[in-house]
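Here's structure28.txt, which has compact mmCIF, all heavy atoms:
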```txt
# COMPACT_ATOMS: atom_id res chain seq x y z
N MET A 49 -47.04 -2.30 -31.35
CA MET A 49 -48.32 -2.05 -30.70
C MET A 49 -48.11 -1.04 -29.58
O MET A 49 -47.20 -1.19 -28.77
CB MET A 49 -48.86 -3.37 -30.15
CG MET A 49 -50.21 -3.26 -29.55
SD MET A 49 -50.91 -4.93 -29.35
CE MET A 49 -52.56 -4.48 -29.04
N PRO A 50 -48.96 -0.01 -29.50
CA PRO A 50 -48.77 1.01 -28.47
C PRO A 50 -49.03 0.45 -27.07
O PRO A 50 -49.81 -0.48 -26.90
CB PRO A 50 -49.79 2.08 -28.82
CG PRO A 50 -50.78 1.42 -29.70
CD PRO A 50 -50.09 0.27 -30.36
N LYS A 51 -48.37 1.06 -26.10
CA LYS A 51 -48.59 0.65 -24.71
C LYS A 51 -49.99 1.06 -24.28
O LYS A 51 -50.45 2.15 -24.62
CB LYS A 51 -47.58 1.34 -23.80
CG LYS A 51 -46.22 0.74 -23.82
CD LYS A 51 -45.36 1.40 -22.75
CE LYS A 51 -44.06 0.67 -22.59
NZ LYS A 51 -43.26 1.23 -21.51
N PRO A 52 -50.66 0.20 -23.51
CA PRO A 52 -51.99 0.59 -23.01
C PRO A 52 -51.86 1.72 -22.00
O PRO A 52 -50.85 1.85 -21.32
CB PRO A 52 -52.51 -0.68 -22.35
CG PRO A 52 -51.32 -1.53 -22.09
CD PRO A 52 -50.26 -1.12 -23.08
N TYR A 53 -52.88 2.53 -21.93
CA TYR A 53 -52.90 3.63 -20.97
C TYR A 53 -53.19 3.06 -19.58
O TYR A 53 -53.99 2.14 -19.44
CB TYR A 53 -53.98 4.64 -21.35
CG TYR A 53 -53.71 5.38 -22.63
CD1 TYR A 53 -54.30 4.99 -23.82
CD2 TYR A 53 -52.86 6.48 -22.64
CE1 TYR A 53 -54.04 5.68 -25.00
CE2 TYR A 53 -52.60 7.19 -23.80
CZ TYR A 53 -53.20 6.77 -24.98
OH TYR A 53 -52.94 7.46 -26.14
N PRO A 54 -52.57 3.63 -18.55
CA PRO A 54 -52.86 3.16 -17.18
C PRO A 54 -54.34 3.35 -16.85
O PRO A 54 -54.97 4.30 -17.30
CB PRO A 54 -51.99 4.06 -16.30
CG PRO A 54 -50.97 4.66 -17.21
CD PRO A 54 -51.59 4.70 -18.58
N GLU A 55 -54.87 2.45 -16.04
CA GLU A 55 -56.29 2.49 -15.67
C GLU A 55 -56.66 3.81 -15.01
O GLU A 55 -57.71 4.37 -15.28
CB GLU A 55 -56.60 1.32 -14.74
CG GLU A 55 -58.08 1.14 -14.47
CD GLU A 55 -58.89 0.79 -15.71
OE1 GLU A 55 -58.36 0.12 -16.61
OE2 GLU A 55 -60.06 1.19 -15.78
N GLU A 56 -55.79 4.33 -14.15
CA GLU A 56 -56.08 5.59 -13.47
C GLU A 56 -56.22 6.74 -14.47
O GLU A 56 -57.10 7.59 -14.35
CB GLU A 56 -54.97 5.91 -12.46
CG GLU A 56 -55.26 7.14 -11.63
CD GLU A 56 -54.18 7.37 -10.57
OE1 GLU A 56 -53.83 6.41 -9.86
OE2 GLU A 56 -53.72 8.52 -10.46
N PHE A 57 -55.36 6.74 -15.49
CA PHE A 57 -55.43 7.77 -16.54
C PHE A 57 -56.76 7.65 -17.27
O PHE A 57 -57.45 8.65 -17.51
CB PHE A 57 -54.26 7.60 -17.51
CG PHE A 57 -54.32 8.53 -18.69
CD1 PHE A 57 -53.97 9.87 -18.57
CD2 PHE A 57 -54.72 8.08 -19.94
CE1 PHE A 57 -54.02 10.73 -19.65
CE2 PHE A 57 -54.77 8.92 -21.03
CZ PHE A 57 -54.42 10.25 -20.88
N ARG A 58 -57.14 6.43 -17.64
CA ARG A 58 -58.42 6.22 -18.34
C ARG A 58 -59.58 6.74 -17.52
O ARG A 58 -60.48 7.40 -18.05
CB ARG A 58 -58.64 4.72 -18.61
CG ARG A 58 -57.72 4.13 -19.63
CD ARG A 58 -58.07 2.67 -19.78
NE ARG A 58 -57.20 2.01 -20.72
CZ ARG A 58 -57.56 1.00 -21.49
NH1 ARG A 58 -58.79 0.52 -21.40
NH2 ARG A 58 -56.72 0.46 -22.32
N GLU A 59 -59.58 6.41 -16.23
CA GLU A 59 -60.68 6.84 -15.35
C GLU A 59 -60.75 8.37 -15.28
O GLU A 59 -61.84 8.93 -15.29
CB GLU A 59 -60.50 6.24 -13.95
CG GLU A 59 -60.72 4.75 -13.92
CD GLU A 59 -60.32 4.12 -12.59
OE1 GLU A 59 -59.88 4.84 -11.67
OE2 GLU A 59 -60.44 2.89 -12.48
N ASP A 60 -59.60 9.01 -15.19
CA ASP A 60 -59.57 10.48 -15.14
C ASP A 60 -60.14 11.09 -16.42
O ASP A 60 -60.95 12.02 -16.37
CB ASP A 60 -58.14 10.99 -14.94
CG ASP A 60 -57.62 10.75 -13.53
OD1 ASP A 60 -58.43 10.46 -12.63
OD2 ASP A 60 -56.39 10.85 -13.35
N VAL A 61 -59.73 10.56 -17.56
CA VAL A 61 -60.20 11.10 -18.84
C VAL A 61 -61.70 10.88 -18.99
O VAL A 61 -62.42 11.80 -19.41
CB VAL A 61 -59.42 10.46 -20.02
CG1 VAL A 61 -59.96 10.96 -21.35
CG2 VAL A 61 -57.93 10.77 -19.90
N VAL A 62 -62.18 9.70 -18.64
CA VAL A 62 -63.62 9.41 -18.74
C VAL A 62 -64.41 10.32 -17.81
O VAL A 62 -65.46 10.85 -18.19
CB VAL A 62 -63.90 7.92 -18.43
CG1 VAL A 62 -65.39 7.66 -18.24
CG2 VAL A 62 -63.35 7.04 -19.55
N ARG A 63 -63.91 10.55 -16.60
CA ARG A 63 -64.60 11.43 -15.66
C ARG A 63 -64.72 12.85 -16.22
O ARG A 63 -65.78 13.46 -16.17
CB ARG A 63 -63.87 11.45 -14.30
CG ARG A 63 -64.62 12.26 -13.25
CD ARG A 63 -63.97 12.20 -11.88
NE ARG A 63 -62.61 12.70 -11.90
CZ ARG A 63 -61.51 11.95 -11.75
NH1 ARG A 63 -61.62 10.65 -11.57
NH2 ARG A 63 -60.32 12.49 -11.79
N VAL A 64 -63.63 13.35 -16.79
CA VAL A 64 -63.66 14.69 -17.38
C VAL A 64 -64.65 14.71 -18.55
O VAL A 64 -65.43 15.66 -18.69
CB VAL A 64 -62.25 15.12 -17.83
CG1 VAL A 64 -62.31 16.41 -18.65
CG2 VAL A 64 -61.34 15.30 -16.62
N ALA A 65 -64.63 13.69 -19.37
CA ALA A 65 -65.54 13.64 -20.53
C ALA A 65 -67.00 13.62 -20.10
O ALA A 65 -67.84 14.29 -20.70
CB ALA A 65 -65.22 12.42 -21.39
N ARG A 66 -67.30 12.87 -19.04
CA ARG A 66 -68.69 12.78 -18.57
C ARG A 66 -69.16 14.08 -17.93
O ARG A 66 -70.34 14.37 -17.94
CB ARG A 66 -68.82 11.64 -17.58
CG ARG A 66 -68.78 10.29 -18.24
CD ARG A 66 -69.14 9.21 -17.26
NE ARG A 66 -69.18 7.92 -17.94
CZ ARG A 66 -68.81 6.78 -17.39
NH1 ARG A 66 -68.39 6.75 -16.14
NH2 ARG A 66 -68.89 5.66 -18.07
N ASN A 67 -68.23 14.81 -17.34
CA ASN A 67 -68.59 16.04 -16.62
C ASN A 67 -68.28 17.30 -17.43
O ASN A 67 -68.26 18.39 -16.86
CB ASN A 67 -67.86 16.09 -15.27
CG ASN A 67 -68.29 14.98 -14.36
OD1 ASN A 67 -69.46 14.67 -14.23
ND2 ASN A 67 -67.33 14.33 -13.72
N ARG A 68 -68.07 17.14 -18.72
CA ARG A 68 -67.70 18.29 -19.56
C ARG A 68 -68.85 19.30 -19.61
O ARG A 68 -70.01 18.94 -19.45
CB ARG A 68 -67.31 17.84 -20.95
CG ARG A 68 -68.43 17.22 -21.75
CD ARG A 68 -67.91 16.54 -23.02
NE ARG A 68 -68.99 16.06 -23.85
CZ ARG A 68 -69.60 14.90 -23.69
NH1 ARG A 68 -69.26 14.09 -22.70
NH2 ARG A 68 -70.58 14.54 -24.50
N GLY A 69 -68.49 20.53 -19.83
CA GLY A 69 -69.49 21.59 -19.87
C GLY A 69 -70.24 21.61 -21.18
O GLY A 69 -69.88 20.93 -22.15
N PRO A 70 -71.30 22.40 -21.24
CA PRO A 70 -72.06 22.53 -22.47
C PRO A 70 -71.17 23.07 -23.58
O PRO A 70 -70.36 23.96 -23.36
CB PRO A 70 -73.17 23.51 -22.12
CG PRO A 70 -72.95 23.96 -20.73
CD PRO A 70 -71.77 23.24 -20.16
N GLY A 71 -71.31 22.49 -24.74
CA GLY A 71 -70.52 22.94 -25.88
C GLY A 71 -69.15 22.32 -25.98
O GLY A 71 -68.43 22.55 -26.95
N VAL A 72 -68.76 21.53 -24.98
CA VAL A 72 -67.46 20.85 -25.02
C VAL A 72 -67.70 19.43 -25.54
O VAL A 72 -68.51 18.69 -24.98
CB VAL A 72 -66.80 20.80 -23.63
CG1 VAL A 72 -65.47 20.05 -23.68
CG2 VAL A 72 -66.60 22.20 -23.08
N THR A 73 -66.99 19.06 -26.59
CA THR A 73 -67.21 17.75 -27.19
C THR A 73 -66.25 16.72 -26.61
O THR A 73 -65.21 17.06 -26.03
CB THR A 73 -67.00 17.81 -28.72
OG1 THR A 73 -65.62 18.10 -28.97
CG2 THR A 73 -67.89 18.85 -29.37
N VAL A 74 -66.62 15.46 -26.78
CA VAL A 74 -65.73 14.36 -26.38
C VAL A 74 -64.42 14.47 -27.16
O VAL A 74 -63.35 14.21 -26.62
CB VAL A 74 -66.42 13.00 -26.60
CG1 VAL A 74 -65.44 11.85 -26.47
CG2 VAL A 74 -67.58 12.83 -25.62
N GLU A 75 -64.52 14.88 -28.41
CA GLU A 75 -63.32 15.03 -29.23
C GLU A 75 -62.36 16.07 -28.64
O GLU A 75 -61.14 15.86 -28.66
CB GLU A 75 -63.72 15.41 -30.67
CG GLU A 75 -64.38 14.29 -31.45
CD GLU A 75 -65.84 14.00 -31.06
OE1 GLU A 75 -66.47 14.82 -30.35
OE2 GLU A 75 -66.35 12.94 -31.46
N GLN A 76 -62.91 17.15 -28.10
CA GLN A 76 -62.06 18.17 -27.48
C GLN A 76 -61.39 17.65 -26.22
O GLN A 76 -60.20 17.90 -25.98
CB GLN A 76 -62.89 19.43 -27.14
CG GLN A 76 -63.30 20.21 -28.36
CD GLN A 76 -64.31 21.30 -28.02
OE1 GLN A 76 -65.21 21.11 -27.22
NE2 GLN A 76 -64.15 22.46 -28.66
N VAL A 77 -62.13 16.91 -25.42
CA VAL A 77 -61.56 16.32 -24.20
C VAL A 77 -60.45 15.35 -24.58
O VAL A 77 -59.36 15.37 -23.99
CB VAL A 77 -62.65 15.61 -23.36
CG1 VAL A 77 -62.02 14.86 -22.19
CG2 VAL A 77 -63.69 16.61 -22.87
N ALA A 78 -60.70 14.51 -25.57
CA ALA A 78 -59.70 13.54 -26.01
C ALA A 78 -58.43 14.26 -26.47
O ALA A 78 -57.31 13.87 -26.09
CB ALA A 78 -60.26 12.67 -27.14
N ALA A 79 -58.58 15.30 -27.25
CA ALA A 79 -57.43 16.05 -27.74
C ALA A 79 -56.65 16.67 -26.59
O ALA A 79 -55.41 16.67 -26.59
CB ALA A 79 -57.87 17.13 -28.73
N ASP A 80 -57.36 17.18 -25.59
CA ASP A 80 -56.69 17.78 -24.43
C ASP A 80 -55.81 16.78 -23.70
O ASP A 80 -54.78 17.14 -23.13
CB ASP A 80 -57.72 18.36 -23.45
CG ASP A 80 -58.38 19.63 -23.96
OD1 ASP A 80 -57.88 20.22 -24.95
OD2 ASP A 80 -59.40 20.04 -23.37
N PHE A 81 -56.23 15.51 -23.69
CA PHE A 81 -55.47 14.47 -22.99
C PHE A 81 -54.53 13.70 -23.91
O PHE A 81 -53.82 12.80 -23.46
CB PHE A 81 -56.42 13.49 -22.29
CG PHE A 81 -56.99 14.03 -21.01
CD1 PHE A 81 -58.20 14.70 -20.99
CD2 PHE A 81 -56.30 13.87 -19.82
CE1 PHE A 81 -58.73 15.20 -19.81
CE2 PHE A 81 -56.82 14.37 -18.63
CZ PHE A 81 -58.04 15.03 -18.62
N GLY A 82 -54.55 14.03 -25.20
CA GLY A 82 -53.64 13.38 -26.13
C GLY A 82 -54.04 11.97 -26.53
O GLY A 82 -53.18 11.14 -26.83
N VAL A 83 -55.34 11.69 -26.50
CA VAL A 83 -55.82 10.38 -26.95
C VAL A 83 -56.75 10.58 -28.13
O VAL A 83 -57.30 11.67 -28.34
CB VAL A 83 -56.55 9.60 -25.82
CG1 VAL A 83 -55.62 9.34 -24.65
CG2 VAL A 83 -57.80 10.29 -25.36
N HIS A 84 -56.94 9.55 -28.91
CA HIS A 84 -57.83 9.62 -30.06
C HIS A 84 -59.27 9.60 -29.56
O HIS A 84 -59.60 8.91 -28.59
CB HIS A 84 -57.58 8.42 -30.98
CG HIS A 84 -58.21 8.57 -32.32
ND1 HIS A 84 -59.54 8.28 -32.54
CD2 HIS A 84 -57.72 9.01 -33.49
CE1 HIS A 84 -59.82 8.52 -33.81
NE2 HIS A 84 -58.73 8.96 -34.41
N ALA A 85 -60.13 10.37 -30.21
CA ALA A 85 -61.53 10.46 -29.80
C ALA A 85 -62.21 9.09 -29.77
O ALA A 85 -62.97 8.78 -28.85
CB ALA A 85 -62.30 11.41 -30.72
N MET A 86 -61.91 8.24 -30.75
CA MET A 86 -62.54 6.92 -30.78
C MET A 86 -62.10 6.08 -29.59
O MET A 86 -62.88 5.31 -29.03
CB MET A 86 -62.19 6.19 -32.09
CG MET A 86 -62.97 4.91 -32.27
SD MET A 86 -64.77 5.08 -32.15
CE MET A 86 -65.14 6.08 -33.57
N THR A 87 -60.86 6.26 -29.16
CA THR A 87 -60.38 5.56 -27.98
C THR A 87 -61.18 5.97 -26.75
O THR A 87 -61.63 5.12 -25.97
CB THR A 87 -58.88 5.86 -27.75
OG1 THR A 87 -58.15 5.44 -28.91
CG2 THR A 87 -58.34 5.16 -26.52
N LEU A 88 -61.40 7.27 -26.60
CA LEU A 88 -62.18 7.75 -25.46
C LEU A 88 -63.61 7.23 -25.52
O LEU A 88 -64.16 6.80 -24.50
CB LEU A 88 -62.16 9.29 -25.41
CG LEU A 88 -62.97 9.94 -24.30
CD1 LEU A 88 -62.67 9.35 -22.93
CD2 LEU A 88 -62.75 11.45 -24.30
N TRP A 89 -64.21 7.23 -26.70
CA TRP A 89 -65.58 6.70 -26.81
C TRP A 89 -65.63 5.24 -26.38
O TRP A 89 -66.58 4.80 -25.75
CB TRP A 89 -66.10 6.83 -28.25
CG TRP A 89 -66.63 8.19 -28.57
CD1 TRP A 89 -66.13 9.08 -29.47
CD2 TRP A 89 -67.77 8.83 -27.99
NE1 TRP A 89 -66.88 10.23 -29.48
CE2 TRP A 89 -67.90 10.11 -28.59
CE3 TRP A 89 -68.70 8.46 -27.02
CZ2 TRP A 89 -68.91 10.99 -28.25
CZ3 TRP A 89 -69.71 9.34 -26.68
CH2 TRP A 89 -69.81 10.59 -27.30
N LYS A 90 -64.58 4.46 -26.70
CA LYS A 90 -64.55 3.05 -26.31
C LYS A 90 -64.40 2.89 -24.81
O LYS A 90 -64.85 1.90 -24.24
CB LYS A 90 -63.42 2.33 -27.04
CG LYS A 90 -63.70 2.13 -28.51
CD LYS A 90 -62.54 1.44 -29.18
CE LYS A 90 -62.80 1.28 -30.67
NZ LYS A 90 -61.68 0.66 -31.36
N TRP A 91 -63.73 3.85 -24.17
CA TRP A 91 -63.54 3.79 -22.72
C TRP A 91 -64.82 4.13 -21.98
O TRP A 91 -64.98 3.79 -20.81
CB TRP A 91 -62.45 4.76 -22.27
CG TRP A 91 -61.08 4.40 -22.70
CD1 TRP A 91 -60.65 3.24 -23.26
CD2 TRP A 91 -59.91 5.24 -22.60
NE1 TRP A 91 -59.31 3.29 -23.52
CE2 TRP A 91 -58.83 4.51 -23.12
CE3 TRP A 91 -59.70 6.52 -22.13
CZ2 TRP A 91 -57.54 5.03 -23.18
CZ3 TRP A 91 -58.42 7.04 -22.18
CH2 TRP A 91 -57.35 6.30 -22.69
N MET A 92 -65.72 4.85 -22.61
CA MET A 92 -66.95 5.31 -21.95
C MET A 92 -68.06 4.30 -22.19
O MET A 92 -68.69 4.31 -23.25
CB MET A 92 -67.37 6.68 -22.50
CG MET A 92 -66.39 7.77 -22.18
SD MET A 92 -66.81 9.35 -22.97
CE MET A 92 -68.36 9.71 -22.18
N PRO A 93 -68.32 3.41 -21.22
CA PRO A 93 -69.41 2.45 -21.42
C PRO A 93 -70.73 3.20 -21.54
O PRO A 93 -70.97 4.15 -20.82
CB PRO A 93 -69.37 1.59 -20.17
CG PRO A 93 -68.49 2.26 -19.21
CD PRO A 93 -67.69 3.30 -19.94
N ARG A 94 -71.52 2.76 -22.46
CA ARG A 94 -72.81 3.43 -22.69
C ARG A 94 -73.90 2.74 -21.92
O ARG A 94 -73.95 1.53 -21.84
CB ARG A 94 -73.15 3.41 -24.18
CG ARG A 94 -72.17 4.22 -24.99
CD ARG A 94 -72.62 4.31 -26.40
NE ARG A 94 -71.66 5.07 -27.18
CZ ARG A 94 -71.90 5.54 -28.36
NH1 ARG A 94 -73.04 5.33 -28.95
NH2 ARG A 94 -70.98 6.23 -29.01
N SER A 95 -74.76 3.55 -21.35
CA SER A 95 -75.93 3.02 -20.66
C SER A 95 -76.99 2.66 -21.70
O SER A 95 -77.03 3.27 -22.76
CB SER A 95 -76.50 4.07 -19.70
OG SER A 95 -75.53 4.44 -18.76
N PRO A 96 -77.85 1.69 -21.40
CA PRO A 96 -78.92 1.37 -22.34
C PRO A 96 -79.75 2.60 -22.66
O PRO A 96 -80.08 3.38 -21.78
CB PRO A 96 -79.75 0.33 -21.60
CG PRO A 96 -78.84 -0.22 -20.54
CD PRO A 96 -77.88 0.89 -20.20
N GLY A 97 -80.04 2.77 -23.93
CA GLY A 97 -80.86 3.90 -24.36
C GLY A 97 -80.09 5.19 -24.57
O GLY A 97 -80.65 6.19 -24.98
N VAL A 98 -78.80 5.19 -24.29
CA VAL A 98 -77.98 6.39 -24.50
C VAL A 98 -77.19 6.20 -25.77
O VAL A 98 -76.54 5.20 -25.96
CB VAL A 98 -77.02 6.61 -23.29
CG1 VAL A 98 -76.13 7.81 -23.56
CG2 VAL A 98 -77.81 6.80 -22.02
N HIS A 99 -77.24 7.21 -26.65
CA HIS A 99 -76.52 7.10 -27.93
C HIS A 99 -75.56 8.25 -28.09
O HIS A 99 -75.79 9.34 -27.85
CB HIS A 99 -77.49 7.08 -29.09
CG HIS A 99 -78.43 5.92 -29.02
ND1 HIS A 99 -78.05 4.65 -29.33
CD2 HIS A 99 -79.71 5.83 -28.62
CE1 HIS A 99 -79.07 3.84 -29.16
NE2 HIS A 99 -80.10 4.54 -28.72
```
Just give me the structure of the file as structure tokens.
Amino acid sequence: MPKPYPEEFREDVVRVARNRGPGVTVEQVAADFGVHAMTLWKWMPRSPGVH
């Protein structure tokens, strides 16, 4: 089983993903940080009504 990512790392990646520029996908941010896109999506809690 892989080691979990440190909380600080997760927070940094989520912050970058939320503040990404137009045309930048979550998948691109995930690749830049070396994590799987689905992992990043799971780290990003969704607000009600946001899909």
Between CG1 of Val83 in chain A and CA of Pro70 in chain A, what is the distance in Å, rounded to a tenth?
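Going from CG1 of Val83 in chain A over to CA of Pro70 in chain A covers 21.2 Å.
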Write out as a list of chain:residue names the residues lying within 4 Å of range 60-67 of chain A, counting all atoms listed in the file and excluding same-chain residues fewer than 6 positions away.
A:Val77, A:Phe81, A:Leu88, A:Trp91, A:Met92, A:Pro93
Point-to-point distance in Å for atom N of Thr73 in chain A and CZ of Arg58 in chain A
21.0 Å
In chain A, what's helix (DSSP H, G or I) per DSSP? Answer as number ranges by chain?
A: 55-66, 74-81, 85-91
What are the centre and the three edge lengths of an axis-aligned box that wraps all atoms of range 58-70 of chain A in the file, given that 6 Å is added to every side, written as lines of an AutoDock Vina configuration file and rounded to one decimal in Å?
```
center_x = -64.8
center_y = 12.2
center_z = -18.0
size_x = 28.8
size_y = 35.5
size_z = 24.9
```
If I take CA of Glu59 in chain A and CA of Lys90 in chain A, how far is one from the other in Å, to one decimal?
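CA of Glu59 in chain A sits 12.2 Å away from CA of Lys90 in chain A.
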